[in-house]
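For reference, model18.pdb (PDB, C-alpha atoms, pLDDT in the B column):
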```pdb
ATOM      1  CA  MET A1067      20.963 -17.939 -99.203  1.00 44.00           C
ATOM      2  CA  ALA A1068      20.723 -17.571 -95.416  1.00 47.00           C
ATOM      3  CA  GLY A1069      24.524 -17.501 -95.326  1.00 55.00           C
ATOM      4  CA  GLU A1070      24.691 -14.429 -97.555  1.00 64.00           C
ATOM      5  CA  SER A1071      22.222 -12.456 -95.472  1.00 64.00           C
ATOM      6  CA  SER A1072      23.940 -13.523 -92.245  1.00 68.00           C
ATOM      7  CA  ASP A1073      27.211 -12.132 -93.680  1.00 79.00           C
ATOM      8  CA  VAL A1074      25.524  -8.779 -94.308  1.00 79.00           C
ATOM      9  CA  LEU A1075      23.895  -8.828 -90.845  1.00 75.00           C
ATOM     10  CA  PHE A1076      27.188  -9.700 -89.186  1.00 77.00           C
ATOM     11  CA  ASP A1077      29.055  -6.927 -90.988  1.00 80.00           C
ATOM     12  CA  HIS A1078      26.360  -4.358 -90.282  1.00 76.00           C
ATOM     13  CA  ALA A1079      26.015  -5.231 -86.590  1.00 79.00           C
ATOM     14  CA  VAL A1080      29.776  -5.171 -86.027  1.00 76.00           C
ATOM     15  CA  HIS A1081      30.200  -1.931 -87.975  1.00 76.00           C
ATOM     16  CA  VAL A1082      27.438  -0.196 -86.037  1.00 73.00           C
ATOM     17  CA  GLY A1083      28.645  -1.653 -82.746  1.00 68.00           C
ATOM     18  CA  ALA A1084      32.185  -0.443 -83.368  1.00 61.00           C
ATOM     19  CA  ALA A1085      31.654   2.876 -85.081  1.00 64.00           C
ATOM     20  CA  ILE A1086      28.513   4.340 -83.663  1.00 65.00           C
ATOM     21  CA  GLU A1087      28.334   4.125 -79.896  1.00 64.00           C
ATOM     22  CA  GLY A1088      25.352   6.471 -79.740  1.00 63.00           C
ATOM     23  CA  ALA A1089      23.430   4.901 -82.620  1.00 64.00           C
ATOM     24  CA  ASP A1090      19.649   4.836 -82.411  1.00 78.00           C
ATOM     25  CA  ALA A1091      19.131   1.212 -81.379  1.00 80.00           C
ATOM     26  CA  ASP A1092      15.558   1.084 -82.695  1.00 85.00           C
ATOM     27  CA  GLU A1093      16.669   2.204 -86.138  1.00 85.00           C
ATOM     28  CA  VAL A1094      19.518  -0.316 -86.213  1.00 84.00           C
ATOM     29  CA  ILE A1095      17.186  -3.122 -85.116  1.00 88.00           C
ATOM     30  CA  VAL A1096      14.774  -2.287 -87.935  1.00 89.00           C
ATOM     31  CA  GLU A1097      17.698  -2.302 -90.383  1.00 87.00           C
ATOM     32  CA  LEU A1098      18.840  -5.705 -89.113  1.00 88.00           C
ATOM     33  CA  LEU A1099      15.331  -7.104 -89.478  1.00 91.00           C
ATOM     34  CA  ALA A1100      15.125  -5.789 -93.035  1.00 89.00           C
ATOM     35  CA  LEU A1101      18.536  -7.221 -93.889  1.00 88.00           C
ATOM     36  CA  SER A1102      17.475 -10.614 -92.522  1.00 89.00           C
ATOM     37  CA  GLN A1103      14.952 -10.942 -95.346  1.00 88.00           C
ATOM     38  CA  ARG A1104      12.490 -12.408 -92.803  1.00 89.00           C
ATOM     39  CA  ARG A1105      14.860 -15.302 -92.076  1.00 89.00           C
ATOM     40  CA  ARG A1106      15.383 -15.782 -88.349  1.00 91.00           C
ATOM     41  CA  ALA A1107      18.231 -18.186 -89.114  1.00 89.00           C
ATOM     42  CA  SER A1108      20.214 -15.332 -90.697  1.00 89.00           C
ATOM     43  CA  ILE A1109      20.234 -13.373 -87.449  1.00 91.00           C
ATOM     44  CA  GLU A1110      21.009 -16.525 -85.455  1.00 92.00           C
ATOM     45  CA  GLU A1111      23.998 -17.264 -87.723  1.00 90.00           C
ATOM     46  CA  ALA A1112      25.293 -13.700 -87.395  1.00 89.00           C
ATOM     47  CA  LEU A1113      24.923 -13.962 -83.614  1.00 91.00           C
ATOM     48  CA  ALA A1114      26.891 -17.223 -83.600  1.00 91.00           C
ATOM     49  CA  ARG A1115      29.704 -15.555 -85.582  1.00 89.00           C
ATOM     50  CA  ILE A1116      29.865 -12.636 -83.123  1.00 87.00           C
ATOM     51  CA  ARG A1117      30.941 -15.057 -80.399  1.00 86.00           C
ATOM     52  CA  TYR A1118      34.213 -15.714 -82.247  1.00 87.00           C
ATOM     53  CA  LEU A1119      35.337 -12.086 -81.990  1.00 83.00           C
ATOM     54  CA  HIS A1120      37.517 -10.791 -79.182  1.00 86.00           C
ATOM     55  CA  PRO A1121      35.366  -9.415 -76.363  1.00 85.00           C
ATOM     56  CA  GLY A1122      34.958  -5.669 -76.189  1.00 84.00           C
ATOM     57  CA  GLU A1123      32.360  -2.947 -76.007  1.00 81.00           C
ATOM     58  CA  ASP A1124      31.796  -2.945 -79.769  1.00 80.00           C
ATOM     59  CA  VAL A1125      31.259  -6.713 -79.826  1.00 83.00           C
ATOM     60  CA  SER A1126      28.907  -6.461 -76.846  1.00 87.00           C
ATOM     61  CA  ARG A1127      26.896  -3.737 -78.605  1.00 85.00           C
ATOM     62  CA  ALA A1128      26.731  -5.795 -81.809  1.00 85.00           C
ATOM     63  CA  GLU A1129      25.575  -8.863 -79.889  1.00 90.00           C
ATOM     64  CA  GLY A1130      22.983  -6.792 -78.040  1.00 90.00           C
ATOM     65  CA  LEU A1131      21.647  -5.384 -81.310  1.00 88.00           C
ATOM     66  CA  LEU A1132      21.320  -8.842 -82.866  1.00 91.00           C
ATOM     67  CA  ARG A1133      19.601 -10.224 -79.756  1.00 94.00           C
ATOM     68  CA  ALA A1134      17.228  -7.251 -79.726  1.00 93.00           C
ATOM     69  CA  ALA A1135      16.416  -7.883 -83.405  1.00 93.00           C
ATOM     70  CA  LEU A1136      15.561 -11.500 -82.567  1.00 95.00           C
ATOM     71  CA  ARG A1137      13.317 -10.398 -79.696  1.00 96.00           C
ATOM     72  CA  ARG A1138      11.575  -7.767 -81.830  1.00 96.00           C
ATOM     73  CA  GLY A1139      11.051 -10.232 -84.670  1.00 94.00           C
ATOM     74  CA  ASP A1140       9.673 -12.856 -82.294  1.00 95.00           C
ATOM     75  CA  ALA A1141       7.375 -10.389 -80.549  1.00 94.00           C
ATOM     76  CA  SER A1142       5.851  -9.171 -83.801  1.00 91.00           C
ATOM     77  CA  ASP A1143       5.735 -12.565 -85.559  1.00 87.00           C
ATOM     78  CA  TYR A1144       7.957 -10.930 -88.168  1.00 89.00           C
ATOM     79  CA  TRP A1145       9.229 -14.277 -89.374  1.00 88.00           C
ATOM     80  CA  ARG A1146       5.769 -15.577 -90.210  1.00 72.00           C
ATOM     81  CA  ILE A1147       4.135 -12.640 -91.937  1.00 64.00           C
ATOM     82  CA  ASP A1148       3.047 -13.646 -95.418  1.00 63.00           C
ATOM     83  CA  LEU A1149       3.167 -10.728 -97.830  1.00 67.00           C
ATOM     84  CA  THR A1150       2.120 -12.702-100.885  1.00 68.00           C
ATOM     85  CA  ASP A1151      -1.207 -11.880-102.438  1.00 59.00           C
ATOM     86  CA  THR A1152      -3.094 -15.158-102.725  1.00 55.00           C
TER      87      THR A1152
END
```

Will you turn the file into structure tokens for me?
Amino acid sequence: MAGESSDVLFDHAVHVGAAIEGADADEVIVELLALSQRRRASIEEALARIRYLHPGEDVSRAEGLLRAALRRGDASDYWRIDLTDT
């Protein structure tokens, strides 16, 4: 399951990095966090896949967005929030 969400994260980060140079980084980071489905491993896997692409500005932006999503998730304990009603 983490593999599927990392595919979506990878595609989204690369698309935004390539197509939208002036994208609102905060909005993209929130989208990446939502797409991760609270799985840090999904973002880590997408980040690992980015390293296989040819270097360029779009790849650098995509990597920066994924790293920022990891930092934001870590800072807010996003990965550990329990939304179940027990």

message: Here is a test: counting all atoms listed in the file, which residue of A:Ala1135, A:Val1082, A:Ala1141, A:Ala1112 is nearest to Leu1099 in chain A?
response: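 Of A:Ala1135, A:Val1082, A:Ala1141, A:Ala1112, the one nearest Leu1099 in chain A is A:Ala1135, counting all atoms listed in the file.
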
message: Suppose a student applies the PyMOL selection byres ((chain A and resi 1076) around 12) to this structure; what residues should they get, written as an MDAnalysis selection string?
response: chainID A and resid 1068:1075 1077:1083 1098 1101:1102 1108:1119 1125 1128:1129 1131:1132

Prev. selection, C-alpha atoms, output as a compact mmCIF listing (two decimals), in the coordinates of the input:
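Final file, again.txt:
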```txt
# COMPACT_ATOMS: atom_id res chain seq x y z
CA ALA A 1068 20.72 -17.57 -95.42
CA GLY A 1069 24.52 -17.50 -95.33
CA GLU A 1070 24.69 -14.43 -97.56
CA SER A 1071 22.22 -12.46 -95.47
CA SER A 1072 23.94 -13.52 -92.24
CA ASP A 1073 27.21 -12.13 -93.68
CA VAL A 1074 25.52 -8.78 -94.31
CA LEU A 1075 23.90 -8.83 -90.84
CA ASP A 1077 29.06 -6.93 -90.99
CA HIS A 1078 26.36 -4.36 -90.28
CA ALA A 1079 26.02 -5.23 -86.59
CA VAL A 1080 29.78 -5.17 -86.03
CA HIS A 1081 30.20 -1.93 -87.98
CA VAL A 1082 27.44 -0.20 -86.04
CA GLY A 1083 28.64 -1.65 -82.75
CA LEU A 1098 18.84 -5.70 -89.11
CA LEU A 1101 18.54 -7.22 -93.89
CA SER A 1102 17.48 -10.61 -92.52
CA SER A 1108 20.21 -15.33 -90.70
CA ILE A 1109 20.23 -13.37 -87.45
CA GLU A 1110 21.01 -16.52 -85.46
CA GLU A 1111 24.00 -17.26 -87.72
CA ALA A 1112 25.29 -13.70 -87.40
CA LEU A 1113 24.92 -13.96 -83.61
CA ALA A 1114 26.89 -17.22 -83.60
CA ARG A 1115 29.70 -15.56 -85.58
CA ILE A 1116 29.86 -12.64 -83.12
CA ARG A 1117 30.94 -15.06 -80.40
CA TYR A 1118 34.21 -15.71 -82.25
CA LEU A 1119 35.34 -12.09 -81.99
CA VAL A 1125 31.26 -6.71 -79.83
CA ALA A 1128 26.73 -5.80 -81.81
CA GLU A 1129 25.58 -8.86 -79.89
CA LEU A 1131 21.65 -5.38 -81.31
CA LEU A 1132 21.32 -8.84 -82.87
```

Using only C-alpha atoms: which of A:Ala1091, A:Ala1100, A:Trp1145, A:Pro1121 has the shortest distance to Arg1133 in chain A: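 Closest to Arg1133 in chain A of all the choices is A:Ala1091.
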
To test the calculation: enclose all listed atoms of range 1114-1127 of chain A in a box whose edges run along x, y and z, add 6 Å on each side, then state centre and edge lengths in Å to one decimal, as lines of an AutoDock Vina configuration file.
```
center_x = 32.2
center_y = -10.1
center_z = -80.8
size_x = 22.6
size_y = 26.3
size_z = 21.6
```

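With CA of Arg1106 in chain A on one side and CA of Asp1090 in chain A on the other, the separation reads 21.9 Å.
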
- prompt: Which is closer to Glu1097 in chain A than all the others in A:Asp1140, A:Ser1126, A:His1120, A:Ala1134, using all atoms listed in the file?
  reply: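 Between A:Asp1140, A:Ser1126, A:His1120, A:Ala1134, the residue approaching Glu1097 in chain A most closely is A:Ala1134.
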
- request: Measure the distance from CA of Asp1124 in chain A to CA of Gln1103 in chain A in Å and round it to one decimal.
  value: 24.3 Å

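Here CA of Arg1138 in chain A is placed at a distance of 8.0 Å from CA of Ile1095 in chain A.
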
task: Find, counting all atoms listed in the file, the residue in A:Gly1139, A:Gly1130, A:Glu1093, A:Gly1122 that gets nearest to Arg1105 in chain A.
output: A:Gly1139

Would you please take range 1095-1106 of chain A of the structure in the block above and write N, CA and C atoms to a file as a short mmCIF file (atom, residue, chain, number, x, y, z; two decimals), in the first residue's frame?
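Okay, out06.cif is ready:
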```cif
data_model
loop_
_atom_site.label_atom_id
_atom_site.label_comp_id
_atom_site.auth_asym_id
_atom_site.auth_seq_id
_atom_site.Cartn_x
_atom_site.Cartn_y
_atom_site.Cartn_z
N ILE A 1095 2.95 21.31 -0.38
CA ILE A 1095 3.38 20.50 0.76
C ILE A 1095 2.16 19.88 1.45
N VAL A 1096 1.12 20.66 1.63
CA VAL A 1096 -0.11 20.13 2.23
C VAL A 1096 -0.70 19.02 1.35
N GLU A 1097 -0.68 19.23 0.03
CA GLU A 1097 -1.17 18.19 -0.88
C GLU A 1097 -0.34 16.92 -0.75
N LEU A 1098 0.98 17.06 -0.68
CA LEU A 1098 1.84 15.88 -0.55
C LEU A 1098 1.57 15.15 0.76
N LEU A 1099 1.38 15.90 1.83
CA LEU A 1099 1.07 15.26 3.11
C LEU A 1099 -0.26 14.50 3.03
N ALA A 1100 -1.24 15.11 2.39
CA ALA A 1100 -2.54 14.43 2.26
C ALA A 1100 -2.41 13.17 1.40
N LEU A 1101 -1.65 13.27 0.32
CA LEU A 1101 -1.46 12.11 -0.55
C LEU A 1101 -0.68 10.98 0.13
N SER A 1102 0.11 11.33 1.13
CA SER A 1102 0.91 10.31 1.83
C SER A 1102 0.06 9.39 2.69
N GLN A 1103 -1.17 9.79 2.95
CA GLN A 1103 -2.07 9.01 3.80
C GLN A 1103 -1.44 8.74 5.16
N ARG A 1104 -0.74 9.76 5.68
CA ARG A 1104 -0.09 9.71 7.00
C ARG A 1104 1.01 8.65 7.09
N ARG A 1105 1.55 8.26 5.95
CA ARG A 1105 2.64 7.27 5.93
C ARG A 1105 3.93 7.98 5.53
N ARG A 1106 4.81 8.16 6.49
CA ARG A 1106 6.09 8.81 6.23
C ARG A 1106 6.88 8.03 5.18
#
```
